[in-house]
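Contents: one structure, followed by commentary.
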Amino acid sequence: MPATALKEASQRLAQARHHDPFQVLGRHPVPGKPDTLLFRAFLPQASQAFLNGVKGKLTLTKEPESDFWSWQGKATQLPEHPEVEWQDHQNCTHTAHYPYTFAPQVGDMDLHLFGEGRHWQVYEVLGAHPRTVDGVAGVLFATWAPAAERVSVVGDFNHWDDRLHPMRVRGGSGVWELFIPGLEPSTLYKYSIRNRHSGHIQMKTDPYGQAFEVRPKTAALVTALSEYQWQDQKWLTQRRQWDWQNAPLSVYEVHLSSWRRTENGGFINYRTLAHQLVDYVQPLGFTHVELLPITEHPLDDSWGYQTTGYFAPTSRFGSPDDFRYFVDHLHQSGIGVLLDWVPAHFPKDEHALARYDGTALYEHEDPRKGEHRDWGTLIYNYGRNEVRNFLLANALYWLKEFHIDGLRVDAVASMLYLDYSREEGDWLPNRYGGNENLEAIDFLRQLNELCHGEHPGALVLAEESTAWPQVTRPTWVGGLGFSMKWNMGWMHDTLLYMSRDPIYRHYHHDQLTFGLIYAFTENFMLPFSHDEVVHGKGSMLTKMPGDDWQRFANLRLLYAYQWTYPGTKLLFMGCEFGQWKEWAHHGELDWLLLDLEPHQGVKTALSDLNQLYKTRTELHQRSFRSDGFEWIDCHDSPQSVISYLRASDDGFLVVILNFTPTPREGYRLGVPSAGRYREVFNSDSTYYGGSNVGNPLPLETEDRPWMNRPYSIELTLPPLGAIILDIDRT
């Protein structure tokens, strides 16, 4: 390099503005002297410095009026990766291999695939990864910041000085990298990024960081390659062969930090939580748990939905391997693990993704496309290859690295519509003039194809609240390709109906029956989620009308309706025993209520419903097929009673629901087959805290056609009660 250019480059490097420190630092041939090398290091805190040469120490000389130290001599005197030894002004000695002698480590194919948006293991390349290069151990750092003038790795190891470890940029890829010898796992780090246009400098956490400090601190931690020994091979083998469309699926939705706390109110480690959760959920009969987002987030109040560390299980509950243990233990106990995943938006926190390189990198520049004003968050630019790759690789990361059984994709509706929650003139139409977000649609289809293709048996669930067609239909027929969709319409209608005083329910009978018009247009999951028990909506129990006895009876009736209705099931924690209070994220559930009979009764009823749901194919085999459900009578609005059949290859069950507190004696019901019918479930049983009204003896059919059925039975309907009848098969 000519002297003038070298001087200018050295000045830029000293000012932390140079895009390629390797031009100045490290080993360089001396023009005209083929056997001679010039070695240069930038050591602003050094009082003296040496190189550990082949045969001993070589003295580095400080260049005039600078913080550069250099040595010139025969190439044979210097190893390929020499150690630099220097003393600071407090006479402390520091020794390490010099980073600026190592060749680029990120492969050209990695850069090519990432640029195309098709590198599904890019998290193994970008981020911070322990690595041994030419026999030297250290950490390789890499990040994507195409608008940066300079990116540096900073941390405790260099006193957060952004002059000391500037990275090299890899051509036009926008990827910056640096291998730093001597660093080990648990090293704290961030990236200092200087924008090339404005000169503005930001301290950013690593988008691909796999562990972070406990909030409110925000630095990433270098994580070692996991050595966790999984023991869930049997579970994974069964999952690959799982016919989930004809299998029971009941989900217990959990917010880990407020499910249970330590005695002093602190967070519980993932490993301890695993055992406590299995011991509680297994007797309840749920097949899966779904975790509200446990990806790293700085604010407890966000419940995890404003994520800053997409590749990191939150450090609130332990390390990544602690979380692996959590999943593994649940799998070995026969319980699947679903994860709430948030690709629809991200927070504006200055330390995270927002304007990562000083520009709208992960988001859109125009707030009419790039901002959710209702939530104070930013929207991903799904049309940018590298951004799409970030999200797709992240989804696969959780499925592969942590054996997660599926993702519940949050806020899908906000992704599909460009005018979602926007006033006229506050959104930009697509290229055809419509309100559909074409890039997001393509992203969702690719997400589902990848997850289902790479991990057979894994589920992808959509929280989608509109009438968008074919959400759960294959992409090759024009669908979005999700496994299931939350049935928000059923949830809304049902809760509205159940909140009414029974004396008025007969005026709103259609809220019970309307859902069957569209029940089989999608693969539906029936959710009573966390969103229904916060922000003044009341708990599930307090939504119910009447005195305390009626509230509990209504709640048991509601769960019987949910568990016998077509579709899979989801229930938020605390709802299973009728918590009085709304959910509060900063405490724990009111576990003492389980000492009271009415609450224990709700929990027992739900456990029995789960066992019935899992063991009786009539309740799960045709959850998404119209031939699994048939009305007996949907017109009895005067008495607020509905009745229906649930069918499978093995036969049928009869479900009758009485939504009034009036017992109905001598209620005639049409049935499809002659024989003896017996109760297999009664929500009014004394075991559940009910009044024990029902039909303890088998019911004999009469040759009396009723309700368009050839036979009928006369039975007693319990108040605010549900009964399930099975025909005697002996």
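Residues in the structure tokens are numbered from 1 in each chain, the chains being A, B, ... in the order shown, and ligands are numbered from 1 in the order shown.
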**OP:** Name the residues in contact with segment 98-107 of chain A at a cut-off of 7 Å, using only C-alpha atoms, excluding same-chain residues fewer than 4 positions from it; report them as number ranges by chain.
**Re:** A: 22, 25-27, 81-84, 111, 125, 179-181
Original post:
So which residues of segment 21-246 of chain A fall under strand (DSSP E or B) by DSSP, listed as a ChimeraX atom specification?
Top reply: /A:26-30,33-42,46-52,57-62,68-74,83-88,93-97,127-133,136-144,148-154,166,168-169,175-181,188-195,201-204,212,220-221
Subject >> Å distance separating atom CA of Val460 of chain A from atom CA of Asp405 of chain A, one decimal place >> reply: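 Atom-to-atom, atom CA of Val460 of chain A to atom CA of Asp405 of chain A, that is 8.9 Å.
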Subject >> Residue set, segment 208-266 of chain A restricted to alpha helix (DSSP H), as an MDAnalysis selection string >> reply: chainID A and resid 233:240 256:259
Dump of N, CA and C atoms for the selected residues, as a PDB file, in the first residue's frame:
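Final output, saved to part05.pdb:
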ATOM      1  N   GLN A 233     -35.418 -39.865  21.947  1.00  0.00           N
ATOM      2  CA  GLN A 233     -35.454 -40.448  20.601  1.00  0.00           C
ATOM      3  C   GLN A 233     -36.778 -41.166  20.338  1.00  0.00           C
ATOM      4  N   LYS A 234     -37.315 -41.848  21.343  1.00  0.00           N
ATOM      5  CA  LYS A 234     -38.580 -42.552  21.168  1.00  0.00           C
ATOM      6  C   LYS A 234     -39.695 -41.569  20.824  1.00  0.00           C
ATOM      7  N   TRP A 235     -39.721 -40.437  21.524  1.00  0.00           N
ATOM      8  CA  TRP A 235     -40.740 -39.421  21.259  1.00  0.00           C
ATOM      9  C   TRP A 235     -40.625 -38.894  19.835  1.00  0.00           C
ATOM     10  N   LEU A 236     -39.402 -38.577  19.403  1.00  0.00           N
ATOM     11  CA  LEU A 236     -39.209 -37.997  18.074  1.00  0.00           C
ATOM     12  C   LEU A 236     -39.574 -38.999  16.979  1.00  0.00           C
ATOM     13  N   THR A 237     -39.266 -40.259  17.207  1.00  0.00           N
ATOM     14  CA  THR A 237     -39.635 -41.289  16.224  1.00  0.00           C
ATOM     15  C   THR A 237     -41.148 -41.376  16.094  1.00  0.00           C
ATOM     16  N   GLN A 238     -41.830 -41.372  17.222  1.00  0.00           N
ATOM     17  CA  GLN A 238     -43.294 -41.415  17.188  1.00  0.00           C
ATOM     18  C   GLN A 238     -43.865 -40.164  16.543  1.00  0.00           C
ATOM     19  N   ARG A 239     -43.250 -39.032  16.792  1.00  0.00           N
ATOM     20  CA  ARG A 239     -43.761 -37.779  16.220  1.00  0.00           C
ATOM     21  C   ARG A 239     -43.685 -37.795  14.699  1.00  0.00           C
ATOM     22  N   ARG A 240     -42.613 -38.347  14.169  1.00  0.00           N
ATOM     23  CA  ARG A 240     -42.473 -38.394  12.708  1.00  0.00           C
ATOM     24  C   ARG A 240     -43.580 -39.232  12.070  1.00  0.00           C
ATOM     25  N   LEU A 256     -44.340 -19.159  31.799  1.00  0.00           N
ATOM     26  CA  LEU A 256     -43.480 -19.815  32.776  1.00  0.00           C
ATOM     27  C   LEU A 256     -43.209 -18.961  34.007  1.00  0.00           C
ATOM     28  N   SER A 257     -43.016 -17.662  33.826  1.00  0.00           N
ATOM     29  CA  SER A 257     -42.602 -16.856  34.975  1.00  0.00           C
ATOM     30  C   SER A 257     -43.742 -16.614  35.957  1.00  0.00           C
ATOM     31  N   SER A 258     -45.003 -16.797  35.535  1.00  0.00           N
ATOM     32  CA  SER A 258     -46.116 -16.564  36.457  1.00  0.00           C
ATOM     33  C   SER A 258     -46.919 -17.834  36.722  1.00  0.00           C
ATOM     34  N   TRP A 259     -46.465 -18.970  36.213  1.00  0.00           N
ATOM     35  CA  TRP A 259     -47.124 -20.233  36.562  1.00  0.00           C
ATOM     36  C   TRP A 259     -46.825 -20.550  38.027  1.00  0.00           C
TER      37      TRP A 259
END
**OP:** Find the residues around Val154 of chain A up to 7 Å (only C-alpha atoms counted), leave out those fewer than 2 positions away in its own chain, and share them as a PyMOL selection string.
**Re:** chain A and resi 152+158+160-162+189-192
I need the chosen residues saved as a PDB file, in the first residue's frame, with N, CA and C atoms.
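The result, stored in result-v9.pdb:
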ATOM      1  N   SER A 152     -17.472  -3.121  15.061  1.00  0.00           N
ATOM      2  CA  SER A 152     -16.474  -3.645  15.994  1.00  0.00           C
ATOM      3  C   SER A 152     -17.136  -4.558  17.010  1.00  0.00           C
ATOM      4  N   ASN A 158     -12.248  -6.173  26.038  1.00  0.00           N
ATOM      5  CA  ASN A 158     -11.513  -5.018  25.492  1.00  0.00           C
ATOM      6  C   ASN A 158     -12.027  -3.699  26.056  1.00  0.00           C
ATOM      7  N   TRP A 160     -14.865  -2.530  26.236  1.00  0.00           N
ATOM      8  CA  TRP A 160     -15.925  -1.918  25.417  1.00  0.00           C
ATOM      9  C   TRP A 160     -15.384  -0.789  24.542  1.00  0.00           C
ATOM     10  N   ASP A 161     -14.136  -0.940  24.133  1.00  0.00           N
ATOM     11  CA  ASP A 161     -13.465   0.055  23.283  1.00  0.00           C
ATOM     12  C   ASP A 161     -13.625  -0.367  21.819  1.00  0.00           C
ATOM     13  N   ASP A 162     -14.390   0.410  21.050  1.00  0.00           N
ATOM     14  CA  ASP A 162     -14.691  -0.005  19.675  1.00  0.00           C
ATOM     15  C   ASP A 162     -13.539   0.210  18.704  1.00  0.00           C
ATOM     16  N   TYR A 189     -20.563  -9.684  25.053  1.00  0.00           N
ATOM     17  CA  TYR A 189     -20.179  -8.904  23.875  1.00  0.00           C
ATOM     18  C   TYR A 189     -21.376  -8.182  23.285  1.00  0.00           C
ATOM     19  N   LYS A 190     -21.083  -7.156  22.508  1.00  0.00           N
ATOM     20  CA  LYS A 190     -22.040  -6.458  21.645  1.00  0.00           C
ATOM     21  C   LYS A 190     -21.292  -6.049  20.382  1.00  0.00           C
ATOM     22  N   TYR A 191     -22.041  -5.448  19.458  1.00  0.00           N
ATOM     23  CA  TYR A 191     -21.435  -4.882  18.257  1.00  0.00           C
ATOM     24  C   TYR A 191     -21.592  -3.363  18.287  1.00  0.00           C
ATOM     25  N   SER A 192     -20.484  -2.688  18.059  1.00  0.00           N
ATOM     26  CA  SER A 192     -20.519  -1.236  17.884  1.00  0.00           C
ATOM     27  C   SER A 192     -20.564  -0.972  16.384  1.00  0.00           C
TER      28      SER A 192
END
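Counting from atom CA of Glu296 of chain A, the distance to atom CA of Glu177 of chain A is 23.7 Å.
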Original post:
Which one is closest to Leu299 of chain A: A:Ser198, A:Gln332, A:Thr716, A:Thr218? Count only C-alpha atoms.
Top reply: A:Thr218
**OP:** Grab the atom CA of Gln45 of chain A to atom CA of Val30 of chain A distance for me, in Å with one decimal place.
**Re:** 26.7 Å
Original post:
Between A:Asn389, A:Thr143, A:Asn658, A:Ser712, which one has atoms that come closest to Ala553 of chain A, using only C-alpha atoms?
Top reply: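 Checking each of A:Asn389, A:Thr143, A:Asn658, A:Ser712 against Ala553 of chain A, counting only C-alpha atoms, the winner is A:Asn658.
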**OP:** Might you pull out every residue within 6 Å of segment 144-149 of chain A, with only C-alpha atoms counted and same-chain residues fewer than 4 positions away left off, and present them as an NGL selection string?
**Re:** :A and (19 or 174-175 or 194-196 or 357)
Same residues, C-alpha atoms, saved as a short mmCIF file (atom, residue, chain, number, x, y, z; two decimals), in the first residue's frame:
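And here's part.cif as it stands now:
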data_model
loop_
_atom_site.label_atom_id
_atom_site.label_comp_id
_atom_site.auth_asym_id
_atom_site.auth_seq_id
_atom_site.Cartn_x
_atom_site.Cartn_y
_atom_site.Cartn_z
CA HIS A 19 -14.14 -1.15 6.91
CA GLY A 174 -23.04 -6.79 4.09
CA VAL A 175 -21.62 -9.48 6.39
CA ARG A 194 -21.02 3.14 12.76
CA ASN A 195 -23.35 4.12 9.93
CA ARG A 196 -21.51 5.07 6.72
CA ASP A 357 -27.04 -0.59 10.99
#
**OP:** Would you mind listing what lies within 10 Å of Asp650 of chain A as JSON, numbers by chain, with only C-alpha atoms counted and same-chain residues fewer than 5 positions away left out?
**Re:** {"A": [616, 617, 618, 621]}
**OP:** Tell me which of A:Asp328, A:Asp548, A:Glu464, A:Asp243 sits closest to Glu522 of chain A, counting only C-alpha atoms.
**Re:** A:Glu464
**OP:** Select, from A:Cys451, A:Leu416, A:Ala560, A:Ala440, the residue with the minimum atom-to-atom distance to Ser465 of chain A, counting only C-alpha atoms.
**Re:**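 Of A:Cys451, A:Leu416, A:Ala560, A:Ala440, the one nearest Ser465 of chain A, counting only C-alpha atoms, is A:Leu416.
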Original post:
Which neighbours of Asp633 of chain A fall inside 10 Å, counting only C-alpha atoms, when residues of the same chain fewer than 3 positions from it are skipped, and could you give them as a list in words?
Top reply: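 Those residues are Glu630, Asp636, Ser637, Val641, Ile642, Ser643, Tyr644, Leu645, Ile656, Leu669, Gly670, Trp706, Met707 and Asn708 of chain A.
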**OP:** Please provide the set of residues having any atom within 7 Å of segment 596-603 of chain A, restricted to only C-alpha atoms, with same-chain residues fewer than 5 positions apart removed, written as a PyMOL selection string.
**Re:** chain A and resi 552+556+576-578+687-689
